[in-house]
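*Asks:* So here's start-v8.txt (compact mmCIF, C-alpha atoms).
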# COMPACT_ATOMS: atom_id res chain seq x y z
CA MET A 1360 -93.20 33.93 23.56
CA HIS A 1361 -91.82 32.13 20.54
CA GLU A 1362 -91.91 35.32 18.47
CA LEU A 1363 -88.14 35.79 18.70
CA GLY A 1364 -87.58 32.32 17.23
CA ILE A 1365 -90.06 33.12 14.45
CA VAL A 1366 -88.22 36.40 13.75
CA PHE A 1367 -84.97 34.46 13.22
CA TYR A 1368 -86.80 32.22 10.74
CA ILE A 1369 -88.17 35.27 8.88
CA ILE A 1370 -84.71 36.86 8.72
CA ARG A 1371 -83.20 33.65 7.33
CA ASP A 1372 -85.92 33.29 4.66
CA VAL A 1373 -85.86 36.98 3.69
CA LYS A 1374 -82.07 37.02 3.34
CA GLU A 1375 -82.26 33.91 1.20
CA ALA A 1376 -84.95 35.43 -1.05
CA ALA A 1377 -83.03 38.70 -1.30
CA GLU A 1378 -79.85 36.93 -2.33
CA ALA A 1379 -81.73 34.84 -4.90
CA ASN A 1380 -83.08 38.08 -6.39
CA GLN A 1381 -79.72 39.89 -6.17
CA VAL A 1382 -81.12 42.48 -3.79
CA GLU A 1383 -78.82 44.34 -1.38
CA HIS A 1384 -81.36 46.03 0.87
CA VAL A 1385 -84.91 45.09 1.85
CA SER A 1386 -87.12 47.97 3.02
CA GLY A 1387 -90.26 46.05 3.96
CA VAL A 1388 -91.49 42.53 4.73
CA VAL A 1389 -95.21 41.74 4.54
CA MET A 1390 -96.39 38.84 6.72
CA ASN A 1391 -99.67 36.93 6.64
CA ILE A 1392 -100.44 36.12 10.28
CA GLY A 1393 -103.50 34.04 11.13
CA GLU A 1394 -105.70 35.18 13.99
CA VAL A 1395 -105.26 31.85 15.83
CA SER A 1396 -101.62 31.22 14.89
CA THR A 1397 -100.56 32.02 18.51
CA ILE A 1398 -98.41 34.90 17.26
CA VAL A 1399 -98.81 38.18 19.12
CA PRO A 1400 -98.28 40.80 16.37
CA GLU A 1401 -96.82 43.46 18.72
CA TYR A 1402 -94.28 40.99 20.11
CA LEU A 1403 -93.36 39.97 16.60
CA THR A 1404 -92.75 43.55 15.46
CA ASP A 1405 -90.79 44.37 18.66
CA CYS A 1406 -88.55 41.31 18.27
CA TRP A 1407 -88.20 42.13 14.58
CA ARG A 1408 -86.94 45.68 15.25
CA TRP A 1409 -84.30 44.39 17.67
CA ALA A 1410 -83.08 41.54 15.47
CA ALA A 1411 -83.47 43.05 11.97
CA ASP A 1412 -81.38 46.14 12.79
CA LYS A 1413 -78.43 43.85 13.52
CA GLU A 1414 -78.50 42.72 9.86
CA PRO A 1415 -76.99 45.23 7.39
CA MET A 1416 -79.40 44.07 4.66
CA LEU A 1417 -82.44 44.68 6.92
CA LYS A 1418 -81.47 47.89 8.73
CA GLY A 1419 -84.65 49.98 9.16
CA CYS A 1420 -86.70 47.36 7.29
CA GLU A 1421 -90.35 47.50 8.33
CA LEU A 1422 -92.32 44.37 9.24
CA LYS A 1423 -95.94 44.77 8.10
CA ILE A 1424 -98.58 42.39 9.41
CA ASN A 1425 -101.60 41.34 7.42
CA LEU A 1426 -103.94 39.70 9.96
CA ILE A 1427 -105.97 36.80 8.52
CA PRO A 1428 -109.33 36.24 10.29
CA ALA A 1429 -109.81 32.66 11.46
CA VAL A 1430 -112.66 30.67 9.88
CA THR A 1431 -113.78 27.19 10.89
CA ARG A 1432 -115.86 24.88 8.71
CA CYS A 1433 -118.37 22.37 10.07
CA GLU A 1434 -118.21 19.01 8.27
CA ASP A 1435 -121.70 18.06 9.46
CA CYS A 1436 -123.72 21.01 8.17
CA GLY A 1437 -121.26 22.85 5.94
CA ASN A 1438 -121.47 26.04 7.98
CA GLU A 1439 -118.45 28.38 8.01
CA TYR A 1440 -118.10 30.52 11.11
CA GLU A 1441 -115.72 32.79 13.05
CA THR A 1442 -113.34 30.57 15.03
CA VAL A 1443 -112.60 33.13 17.71
CA SER A 1444 -116.29 33.54 18.67
CA TYR A 1445 -117.34 29.87 18.67
CA GLY A 1446 -114.22 27.72 18.91
CA LYS A 1447 -114.53 24.10 17.82
CA THR A 1448 -118.32 23.82 18.24
CA CYS A 1449 -120.50 24.80 15.27
CA PRO A 1450 -122.96 27.54 16.31
CA ARG A 1451 -125.59 26.28 13.80
CA CYS A 1452 -125.77 22.51 14.42
CA HIS A 1453 -123.63 22.30 17.61
CA GLY A 1454 -121.50 19.59 15.98
CA VAL A 1455 -117.83 19.25 16.92
CA ASN A 1456 -116.79 17.69 13.62
CA THR A 1457 -115.13 20.92 12.53
CA PHE A 1458 -111.80 22.00 11.08
CA LEU A 1459 -109.89 25.24 10.77
CA LEU A 1460 -110.20 26.59 7.23
CA ARG A 1461 -107.83 29.53 7.66
CA GLY A 1462 -106.31 31.58 10.45
CA ASN A 1463 -103.24 29.53 11.29
CA GLU A 1464 -100.92 31.20 8.77
CA VAL A 1465 -97.41 32.35 9.66
CA GLU A 1466 -96.07 33.13 6.24
CA ILE A 1467 -93.99 35.67 4.43
CA LYS A 1468 -96.26 37.15 1.78
CA GLU A 1469 -93.77 39.41 0.02
CA ILE A 1470 -90.74 41.58 0.44
CA GLU A 1471 -90.36 45.19 -0.65
CA VAL A 1472 -87.18 46.45 -2.23
CA PRO A 1473 -86.31 50.10 -2.96
CA ASN A 1474 -86.32 50.87 -6.67
CA ILE A 1475 -83.03 52.40 -7.62
CA MET B 1169 -92.07 54.43 -11.43
CA ASP B 1170 -93.00 53.06 -8.00
CA LYS B 1171 -90.60 53.70 -5.15
CA VAL B 1172 -90.56 50.07 -4.16
CA ARG B 1173 -90.54 46.82 -6.04
CA VAL B 1174 -92.47 43.91 -4.53
CA ILE B 1175 -91.12 40.36 -4.66
CA GLU B 1176 -93.69 37.72 -3.86
CA ILE B 1177 -92.53 34.99 -1.44
CA LYS B 1178 -95.66 33.21 -0.10
CA LYS B 1179 -93.81 30.82 2.15
CA SER B 1180 -94.60 29.49 5.61
CA VAL B 1181 -91.84 30.40 8.08
CA PHE B 1182 -92.04 26.85 9.45
CA ALA B 1183 -91.31 25.25 6.06
CA GLU B 1184 -87.54 25.33 6.48
CA ASN B 1185 -87.69 23.85 9.99
CA GLU B 1186 -89.95 21.06 8.79
CA LYS B 1187 -87.44 20.25 6.07
CA ASP B 1188 -84.58 20.25 8.62
CA ALA B 1189 -86.65 18.02 10.92
CA ASP B 1190 -87.35 15.48 8.17
CA GLU B 1191 -83.65 15.37 7.29
CA LEU B 1192 -82.70 14.85 10.93
CA ARG B 1193 -85.26 12.03 11.28
CA LYS B 1194 -83.79 10.36 8.23
CA ASP B 1195 -80.21 10.69 9.54
CA LEU B 1196 -81.24 9.23 12.89
CA LYS B 1197 -83.03 6.39 11.15
CA ASP B 1198 -79.83 5.55 9.25
CA ARG B 1199 -77.92 5.50 12.52
CA GLY B 1200 -80.58 3.43 14.30
CA VAL B 1201 -81.33 6.13 16.87
CA PHE B 1202 -84.86 6.86 18.13
CA LEU B 1203 -85.52 10.43 19.30
CA LEU B 1204 -88.31 11.13 21.79
CA ASN B 1205 -89.37 14.74 22.33
CA LEU B 1206 -90.73 15.09 25.86
CA MET B 1207 -92.73 18.24 26.61
CA SER B 1208 -94.71 19.66 29.54
CA SER B 1209 -95.19 22.68 31.77
CA PRO B 1210 -92.40 23.53 34.23
CA GLY B 1211 -92.77 21.45 37.39
CA SER B 1212 -94.92 18.66 35.96
CA GLY B 1213 -92.30 16.04 36.88
CA LYS B 1214 -90.52 15.47 33.56
CA THR B 1215 -87.12 14.76 35.09
CA THR B 1216 -88.47 12.45 37.85
CA THR B 1217 -90.60 10.54 35.32
CA LEU B 1218 -87.60 10.25 33.06
CA ILE B 1219 -85.33 8.90 35.81
CA ARG B 1220 -87.88 6.21 36.69
CA THR B 1221 -88.37 5.30 33.03
CA ILE B 1222 -84.64 5.14 32.28
CA ASN B 1223 -84.00 2.91 35.29
CA LEU B 1224 -86.65 0.49 33.99
CA LEU B 1225 -85.29 0.50 30.44
CA LYS B 1226 -81.52 0.87 30.75
CA ASP B 1227 -80.88 -2.90 30.64
CA LYS B 1228 -82.91 -3.22 27.45
CA LEU B 1229 -81.94 -0.04 25.60
CA ARG B 1230 -78.87 2.16 25.41
CA ILE B 1231 -80.20 5.59 26.35
CA ALA B 1232 -78.93 9.18 26.29
CA VAL B 1233 -80.65 12.37 27.44
CA MET B 1234 -80.54 15.99 26.29
CA GLU B 1235 -81.93 18.46 28.78
CA ALA B 1236 -83.04 21.78 27.30
CA ASP B 1237 -83.52 24.72 29.60
CA ILE B 1238 -83.11 28.44 29.42
CA ASP B 1239 -80.40 28.24 32.08
CA SER B 1240 -78.68 25.95 34.68
CA ASP B 1241 -77.54 22.35 34.44
CA VAL B 1242 -79.36 20.88 37.47
CA ASP B 1243 -81.48 18.51 35.36
CA ALA B 1244 -78.59 17.01 33.40
CA ILE B 1245 -76.61 16.40 36.59
CA LYS B 1246 -79.67 14.91 38.32
CA ILE B 1247 -80.25 12.46 35.43
CA LYS B 1248 -76.58 11.42 35.32
CA GLU B 1249 -76.41 10.86 39.09
CA ALA B 1250 -79.69 8.94 39.29
CA THR B 1251 -79.25 6.70 36.23
CA GLY B 1252 -75.56 6.72 35.23
CA ILE B 1253 -76.42 7.31 31.57
CA GLN B 1254 -75.00 9.87 29.15
CA SER B 1255 -76.71 13.20 29.72
CA ILE B 1256 -76.02 16.70 28.44
CA GLN B 1257 -77.53 20.11 29.09
CA LEU B 1258 -78.53 22.45 26.28
CA HIS B 1259 -79.08 26.13 26.91
CA THR B 1260 -81.60 27.79 24.66
CA GLY B 1261 -80.28 31.30 25.36
CA GLY B 1262 -83.65 32.66 26.40
CA MET B 1263 -85.56 30.83 23.69
CA CYS B 1264 -88.79 29.10 24.73
CA HIS B 1265 -88.43 25.99 22.58
CA LEU B 1266 -86.03 23.88 20.54
CA ASP B 1267 -86.22 23.51 16.78
CA ALA B 1268 -84.68 20.91 14.49
CA GLU B 1269 -81.40 22.77 13.96
CA MET B 1270 -80.88 23.29 17.71
CA THR B 1271 -81.68 19.60 18.27
CA ARG B 1272 -79.12 18.59 15.66
CA GLN B 1273 -76.47 20.77 17.34
CA GLY B 1274 -77.35 19.20 20.69
CA LEU B 1275 -77.04 15.68 19.29
CA GLU B 1276 -73.52 16.50 18.10
CA GLY B 1277 -72.59 16.82 21.77
CA LEU B 1278 -73.55 13.19 22.44
CA ASP B 1279 -71.68 10.04 21.52
CA LEU B 1280 -74.35 8.20 19.54
CA THR B 1281 -72.23 5.20 18.52
CA ASP B 1282 -73.97 2.79 20.88
CA VAL B 1283 -77.24 4.59 21.52
CA ASP B 1284 -80.76 3.29 20.73
CA LEU B 1285 -82.82 6.03 22.33
CA VAL B 1286 -82.26 9.74 22.88
CA VAL B 1287 -84.75 11.60 25.01
CA LEU B 1288 -84.96 15.33 24.46
CA GLU B 1289 -86.44 17.02 27.51
CA ASN B 1290 -87.80 20.17 25.88
CA VAL B 1291 -88.17 23.56 27.60
CA GLY B 1292 -91.04 23.52 30.13
CA ASN B 1293 -93.81 25.28 28.22
CA LEU B 1294 -97.17 24.15 26.80
CA VAL B 1295 -97.29 26.62 23.94
CA CYS B 1296 -94.16 27.14 21.88
CA PRO B 1297 -92.53 23.69 21.73
CA ALA B 1298 -95.68 22.35 20.05
CA GLU B 1299 -95.10 24.64 17.07
CA PHE B 1300 -91.64 23.36 16.20
CA ASP B 1301 -90.85 19.91 14.83
CA THR B 1302 -87.59 18.84 16.48
CA GLY B 1303 -86.97 15.87 14.20
CA SER B 1304 -88.25 13.45 16.85
CA VAL B 1305 -89.92 10.15 15.96
CA CYS B 1306 -92.53 10.51 18.72
CA ASN B 1307 -93.78 13.34 20.88
CA ALA B 1308 -94.83 12.76 24.46
CA MET B 1309 -96.09 15.19 27.05
CA ILE B 1310 -96.64 15.12 30.77
CA LEU B 1311 -99.62 16.79 32.38
CA SER B 1312 -99.62 16.76 36.17
CA VAL B 1313 -102.76 16.62 38.29
CA PRO B 1314 -102.30 20.02 40.04
CA GLU B 1315 -102.33 21.74 36.62
CA GLY B 1316 -105.99 20.82 36.09
CA ASP B 1317 -107.99 18.57 33.77
CA ASP B 1318 -108.95 21.46 31.47
CA LYS B 1319 -105.45 21.95 30.01
CA PRO B 1320 -106.27 20.05 26.77
CA LEU B 1321 -108.96 22.67 26.11
CA LYS B 1322 -106.64 25.58 26.82
CA TYR B 1323 -103.58 24.32 24.96
CA PRO B 1324 -105.09 22.30 22.11
CA LEU B 1325 -102.05 22.31 19.82
CA MET B 1326 -99.78 20.70 22.40
CA PHE B 1327 -102.24 17.86 22.92
CA SER B 1328 -102.84 17.42 19.20
CA VAL B 1329 -99.15 16.88 18.35
CA CYS B 1330 -98.48 14.25 21.05
CA ASP B 1331 -98.52 10.47 20.57
CA VAL B 1332 -98.69 9.94 24.32
CA VAL B 1333 -100.01 12.03 27.20
CA VAL B 1334 -98.68 10.95 30.60
CA ILE B 1335 -100.81 12.13 33.50
CA ASN B 1336 -98.46 12.48 36.46
CA LYS B 1337 -98.88 12.92 40.22
CA THR B 1338 -101.93 10.63 40.45
CA ASP B 1339 -101.12 10.25 44.19
CA VAL B 1340 -102.58 13.71 44.81
CA LEU B 1341 -105.84 13.05 42.90
CA PRO B 1342 -107.89 12.97 46.15
CA TYR B 1343 -106.84 16.55 46.92
CA PHE B 1344 -107.63 18.16 43.58
CA ASP B 1345 -110.75 18.60 41.46
CA PHE B 1346 -109.10 16.68 38.66
CA ASP B 1347 -111.43 14.38 36.75
CA LEU B 1348 -109.32 11.73 35.02
CA ASP B 1349 -112.15 10.57 32.73
CA LYS B 1350 -113.02 14.11 31.73
CA CYS B 1351 -109.36 14.84 31.02
CA GLN B 1352 -109.11 11.76 28.77
CA GLU B 1353 -112.25 12.91 26.97
CA TYR B 1354 -110.78 16.40 26.41
CA ILE B 1355 -107.51 14.91 25.15
CA HIS B 1356 -109.35 12.64 22.71
CA MET B 1357 -111.47 15.54 21.45
CA ARG B 1358 -108.21 17.17 20.33
CA ASN B 1359 -106.38 14.02 19.37
CA PRO B 1360 -108.33 10.75 19.05
CA LYS B 1361 -105.10 8.75 18.56
CA ALA B 1362 -103.31 9.92 21.71
CA ARG B 1363 -102.54 7.26 24.26
CA VAL B 1364 -103.17 8.40 27.83
CA ILE B 1365 -101.06 6.85 30.60
CA PRO B 1366 -101.69 7.81 34.26
CA VAL B 1367 -98.56 7.54 36.42
CA CYS B 1368 -97.11 8.58 39.73
CA ALA B 1369 -93.41 9.28 39.20
CA LYS B 1370 -92.87 9.61 42.94
CA THR B 1371 -94.00 6.04 43.75
CA GLY B 1372 -93.30 4.57 40.31
CA GLU B 1373 -96.89 3.50 39.73
CA GLY B 1374 -97.77 3.28 36.03
CA ILE B 1375 -94.20 3.98 34.85
CA ASP B 1376 -94.00 0.41 33.49
CA ALA B 1377 -96.84 1.23 31.05
CA PHE B 1378 -95.02 4.30 29.75
CA ALA B 1379 -91.69 2.44 29.56
CA GLY B 1380 -93.45 -0.43 27.77
CA TRP B 1381 -94.91 1.90 25.18
CA LEU B 1382 -91.52 3.53 24.60
CA LEU B 1383 -89.69 0.19 24.28
CA GLU B 1384 -92.23 -1.00 21.72
CA GLU B 1385 -91.92 2.22 19.66
CA VAL B 1386 -88.11 2.04 19.68
CA ASN B 1387 -88.19 -1.60 18.54
CA ILE B 1388 -90.66 -0.83 15.74
CA TRP B 1389 -88.50 2.09 14.57
CA LYS B 1390 -85.34 -0.03 14.52
CA GLN B 1391 -87.04 -2.85 12.61
CA GLU B 1392 -88.94 -0.82 10.02
What is this structure when it is put down as structure tokens?
*Replies:*
Amino acid sequence: MHELGIVFYIIRDVKEAAEANQVEHVSGVVMNIGEVSTIVPEYLTDCWRWAADKEPMLKGCELKINLIPAVTRCEDCGNEYETVSYGKTCPRCHGVNTFLLRGNEVEIKEIEVPNI
Amino acid sequence: MDKVRVIEIKKSVFAENEKDADELRKDLKDRGVFLLNLMSSPGSGKTTTLIRTINLLKDKLRIAVMEADIDSDVDAIKIKEATGIQSIQLHTGGMCHLDAEMTRQGLEGLDLTDVDLVVLENVGNLVCPAEFDTGSVCNAMILSVPEGDDKPLKYPLMFSVCDVVVINKTDVLPYFDFDLDKCQEYIHMRNPKARVIPVCAKTGEGIDAFAGWLLEEVNIWKQE
């Protein structure tokens, strides 16, 4: 349940980006969330609604989540496979010399601003 | 014309915390203070292990403790009564972890003039604290025997960020299906560099090994 802490980080970064771009209201925030980042998307959006509405700049601002599938690469045989199905063991050569290629992202992709 | 304009950000939400943590580490280095981030599940024996460790080290190092919990101050009082050292309680206000900024605020509540080592007892939780760099020099965690030897498989991130894994409550090993060798193997699968130290905080067995490791790390940090 660290989603609330993450939401505070998002708010801080979005406000900073908005100020740098001389924007007064942000209508949408698009997040890239990796499948194995330990973020529960529903918790994130629930926490977001509660916290964002307290910020005048983010009132009603929608948090959109772009889920990134997790992919692991095997260093022994070069195979790339779905992390969630097979974990750290390569399904082709059964090696454990593997690393996560993507799926751990918790990043702000972009913000959306109403065109006036 | 489109109704909305898109501004690309492409930034990890942890980036700012990592920057804050690096700054805090640098400040502590300048002041000659070593920060240990101690993590575990609730009830693994963090406070008891800490009291034993402090009592072994307090003649060699000047130590202070920050206890982080969602509520209450029982741990801070317990540490102060059992060791006599400077100890404060931080409340996370419902939050499941501490980050670098909260750690910095906590440190402001301590008098660090004559302190070599600050131990941050993080919120009892095997998930969230692992995600947030607190600005500590080393991370340690305590896994207790009743929790099971498979925890490194279930909570891989926690085990991969720790320099030391203390396995506590070894006195109850005969009553649990806890395989110490298997547990070490699982830990090293996630983190080949982790040092594993079995202890029993209740009897004090093994605490000297943990205290010895900590003393060595503090001395290296102060000399570097």
*Asks:* Counting only C-alpha atoms, which residues come within 7 Å of (-112.5, 24.6, 11.9), with the point read in the file's coordinates, and could you list them as a PyMOL selection string?
*Replies:* chain A and resi 1430-1433+1442+1447+1457-1460
*Asks:* Which residue out of A:Ser1386, A:Asn1391, A:Thr1448, A:Ser1396 has the minimum interatomic distance to Ala1298 in chain B when only C-alpha atoms are used?
*Replies:*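 That would be A:Ser1396, the residue with the smallest distance to Ala1298 in chain B.
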*Asks:* Which residue out of B:Lys1197, B:His1265, B:Lys1319, B:Lys1361 has the minimum interatomic distance to chain A when all atoms listed in the file are used?
*Replies:*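 Closest to chain A, using all atoms listed in the file: B:His1265.
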*Asks:* Closest to Ile1238 in chain B among B:Arg1272, B:Asn1290, B:Thr1251, B:Glu1191, using only C-alpha atoms?
*Replies:*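 Looking at the shortest contact to Ile1238 in chain B, the residue is B:Asn1290.
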*Asks:* Considering only C-alpha atoms, extract the chain B residues located within 9 Å of chain A and return them as a JSON list (two decimals) with C-alpha atoms, in the frame of the given file.
*Replies:*
[["chain", "number", "residue", "atom", "x", "y", "z"],
["B", 1169, "MET", "CA", -92.07, 54.43, -11.43],
["B", 1170, "ASP", "CA", -93.00, 53.06, -8.00],
["B", 1171, "LYS", "CA", -90.60, 53.70, -5.15],
["B", 1172, "VAL", "CA", -90.56, 50.07, -4.16],
["B", 1173, "ARG", "CA", -90.54, 46.82, -6.04],
["B", 1174, "VAL", "CA", -92.47, 43.91, -4.53],
["B", 1175, "ILE", "CA", -91.12, 40.36, -4.66],
["B", 1176, "GLU", "CA", -93.69, 37.72, -3.86],
["B", 1177, "ILE", "CA", -92.53, 34.99, -1.44],
["B", 1178, "LYS", "CA", -95.66, 33.21, -0.10],
["B", 1179, "LYS", "CA", -93.81, 30.82, 2.15],
["B", 1180, "SER", "CA", -94.60, 29.49, 5.61],
["B", 1181, "VAL", "CA", -91.84, 30.40, 8.08],
["B", 1182, "PHE", "CA", -92.04, 26.85, 9.45],
["B", 1184, "GLU", "CA", -87.54, 25.33, 6.48],
["B", 1185, "ASN", "CA", -87.69, 23.85, 9.99],
["B", 1263, "MET", "CA", -85.56, 30.83, 23.69],
["B", 1264, "CYS", "CA", -88.79, 29.10, 24.73],
["B", 1265, "HIS", "CA", -88.43, 25.99, 22.58],
["B", 1267, "ASP", "CA", -86.22, 23.51, 16.78],
["B", 1295, "VAL", "CA", -97.29, 26.62, 23.94],
["B", 1296, "CYS", "CA", -94.16, 27.14, 21.88],
["B", 1297, "PRO", "CA", -92.53, 23.69, 21.73],
["B", 1299, "GLU", "CA", -95.10, 24.64, 17.07],
["B", 1357, "MET", "CA", -111.47, 15.54, 21.45]]
*Asks:* If I wrap all listed atoms of range 1434-1451 of chain A in a box with edges along x, y and z and add 5 Å on each side, what are its centre and edge lengths in Å to one decimal, as JSON?
*Replies:*
{"center_x": -119.1, "center_y": 25.8, "center_z": 12.4, "size_x": 23.0, "size_y": 25.5, "size_z": 23.0}
*Asks:* Find the residue from B:Asp1347, B:Asp1282, B:Asp1301, B:Asp1331 that sits nearest to Pro1314 in chain B; use all atoms listed in the file when measuring.
*Replies:*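 Closest residue, counting all atoms listed in the file: B:Asp1347.
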*Asks:* Could you work out how far CA of Val1367 in chain B lies from CA of Pro1342 in chain B, giving the answer in Å with one decimal?
*Replies:* 14.5 Å
*Asks:* List the spatial neighbours of Met1207 in chain B as a ChimeraX atom specification - criterion: any atom at most 10 Å away, only C-alpha atoms, same-chain residues fewer than 5 positions off excluded.
*Replies:* /B:1212,1214,1265,1288-1295,1297-1298,1307-1311,1326,1330,1333
*Asks:* Which is closer to Cys1420 in chain A than all the others in A:Tyr1445, A:Tyr1440, A:Tyr1402, A:Trp1407, using all atoms listed in the file?
*Replies:* A:Trp1407
*Asks:* Quick one: distance from CA of Arg1363 in chain B to CA of Leu1224 in chain B in Å, one decimal?
*Replies:* 19.8 Å
*Asks:* Kindly give the distance, in Å, that separates CA of Arg1358 in chain B and CA of Asp1318 in chain B, rounded to a single decimal.
*Replies:*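 It comes out at 12.0 Å.
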*Asks:* Please identify all polymer residues within 9 Å of Thr1216 in chain B, counting all atoms listed in the file, omitting same-chain residues fewer than 5 positions from it, and present them as a PDB file with C-alpha atoms, in the coordinates of the input.
*Replies:*
ATOM      1  CA  THR B1221     -88.370   5.300  33.030  1.00  0.00           C
ATOM      2  CA  ILE B1247     -80.250  12.460  35.430  1.00  0.00           C
ATOM      3  CA  ALA B1369     -93.410   9.280  39.200  1.00  0.00           C
ATOM      4  CA  LYS B1370     -92.870   9.610  42.940  1.00  0.00           C
TER       5      LYS B1370
END
*Asks:* Please determine, counting all atoms listed in the file, which residue among B:Gly1316, B:Val1329, B:Val1334, B:Gly1374 has the shortest atom-to-atom distance to Phe1346 in chain B.
*Replies:* B:Gly1316
*Asks:* Using all atoms listed in the file, find all polymer residues with an atom at most 10 Å away from the point (-77.5, 22.8, 34.8); report them as an MDAnalysis selection string.
*Replies:* chainID B and resid 1235:1246 1256:1259
*Asks:* Save range 1186-1200 of chain B to disk from that block, N, CA, C and O atoms included, as a PDB file, in the first residue's frame.
*Replies:*
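The file below, decode_19.pdb, is the result:
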ATOM      1  N   GLU B1186      15.419   9.706  -5.169  1.00  0.00           N
ATOM      2  CA  GLU B1186      16.792   9.218  -5.251  1.00  0.00           C
ATOM      3  C   GLU B1186      17.793  10.374  -5.173  1.00  0.00           C
ATOM      4  O   GLU B1186      18.843  10.250  -4.545  1.00  0.00           O
ATOM      5  N   LYS B1187      17.398  11.502  -5.768  1.00  0.00           N
ATOM      6  CA  LYS B1187      18.251  12.693  -5.687  1.00  0.00           C
ATOM      7  C   LYS B1187      18.323  13.196  -4.228  1.00  0.00           C
ATOM      8  O   LYS B1187      19.408  13.471  -3.711  1.00  0.00           O
ATOM      9  N   ASP B1188      17.154  13.253  -3.575  1.00  0.00           N
ATOM     10  CA  ASP B1188      17.112  13.682  -2.166  1.00  0.00           C
ATOM     11  C   ASP B1188      17.964  12.749  -1.304  1.00  0.00           C
ATOM     12  O   ASP B1188      18.672  13.195  -0.404  1.00  0.00           O
ATOM     13  N   ALA B1189      17.877  11.439  -1.598  1.00  0.00           N
ATOM     14  CA  ALA B1189      18.606  10.451  -0.793  1.00  0.00           C
ATOM     15  C   ALA B1189      20.113  10.626  -0.963  1.00  0.00           C
ATOM     16  O   ALA B1189      20.865  10.561   0.006  1.00  0.00           O
ATOM     17  N   ASP B1190      20.557  10.864  -2.195  1.00  0.00           N
ATOM     18  CA  ASP B1190      21.987  11.068  -2.437  1.00  0.00           C
ATOM     19  C   ASP B1190      22.497  12.323  -1.728  1.00  0.00           C
ATOM     20  O   ASP B1190      23.590  12.328  -1.171  1.00  0.00           O
ATOM     21  N   GLU B1191      21.657  13.371  -1.737  1.00  0.00           N
ATOM     22  CA  GLU B1191      22.046  14.608  -1.047  1.00  0.00           C
ATOM     23  C   GLU B1191      22.158  14.380   0.456  1.00  0.00           C
ATOM     24  O   GLU B1191      23.098  14.853   1.101  1.00  0.00           O
ATOM     25  N   LEU B1192      21.195  13.633   0.995  1.00  0.00           N
ATOM     26  CA  LEU B1192      21.202  13.361   2.440  1.00  0.00           C
ATOM     27  C   LEU B1192      22.442  12.543   2.815  1.00  0.00           C
ATOM     28  O   LEU B1192      23.113  12.830   3.811  1.00  0.00           O
ATOM     29  N   ARG B1193      22.762  11.535   1.991  1.00  0.00           N
ATOM     30  CA  ARG B1193      23.956  10.712   2.253  1.00  0.00           C
ATOM     31  C   ARG B1193      25.217  11.586   2.283  1.00  0.00           C
ATOM     32  O   ARG B1193      26.082  11.411   3.123  1.00  0.00           O
ATOM     33  N   LYS B1194      25.257  12.531   1.346  1.00  0.00           N
ATOM     34  CA  LYS B1194      26.432  13.397   1.270  1.00  0.00           C
ATOM     35  C   LYS B1194      26.521  14.291   2.515  1.00  0.00           C
ATOM     36  O   LYS B1194      27.590  14.448   3.109  1.00  0.00           O
ATOM     37  N   ASP B1195      25.368  14.859   2.921  1.00  0.00           N
ATOM     38  CA  ASP B1195      25.343  15.705   4.129  1.00  0.00           C
ATOM     39  C   ASP B1195      25.794  14.913   5.354  1.00  0.00           C
ATOM     40  O   ASP B1195      26.557  15.407   6.182  1.00  0.00           O
ATOM     41  N   LEU B1196      25.308  13.674   5.460  1.00  0.00           N
ATOM     42  CA  LEU B1196      25.652  12.851   6.622  1.00  0.00           C
ATOM     43  C   LEU B1196      27.136  12.511   6.609  1.00  0.00           C
ATOM     44  O   LEU B1196      27.789  12.483   7.646  1.00  0.00           O
ATOM     45  N   LYS B1197      27.644  12.276   5.411  1.00  0.00           N
ATOM     46  CA  LYS B1197      29.075  11.977   5.257  1.00  0.00           C
ATOM     47  C   LYS B1197      29.907  13.155   5.783  1.00  0.00           C
ATOM     48  O   LYS B1197      30.871  12.973   6.531  1.00  0.00           O
ATOM     49  N   ASP B1198      29.495  14.372   5.389  1.00  0.00           N
ATOM     50  CA  ASP B1198      30.217  15.569   5.828  1.00  0.00           C
ATOM     51  C   ASP B1198      30.188  15.713   7.349  1.00  0.00           C
ATOM     52  O   ASP B1198      31.111  16.253   7.944  1.00  0.00           O
ATOM     53  N   ARG B1199      29.098  15.242   7.952  1.00  0.00           N
ATOM     54  CA  ARG B1199      28.969  15.374   9.406  1.00  0.00           C
ATOM     55  C   ARG B1199      29.501  14.154  10.144  1.00  0.00           C
ATOM     56  O   ARG B1199      29.450  14.095  11.376  1.00  0.00           O
ATOM     57  N   GLY B1200      29.977  13.163   9.377  1.00  0.00           N
ATOM     58  CA  GLY B1200      30.535  11.956  10.002  1.00  0.00           C
ATOM     59  C   GLY B1200      29.497  11.068  10.659  1.00  0.00           C
ATOM     60  O   GLY B1200      29.756  10.401  11.650  1.00  0.00           O
TER      61      GLY B1200
END
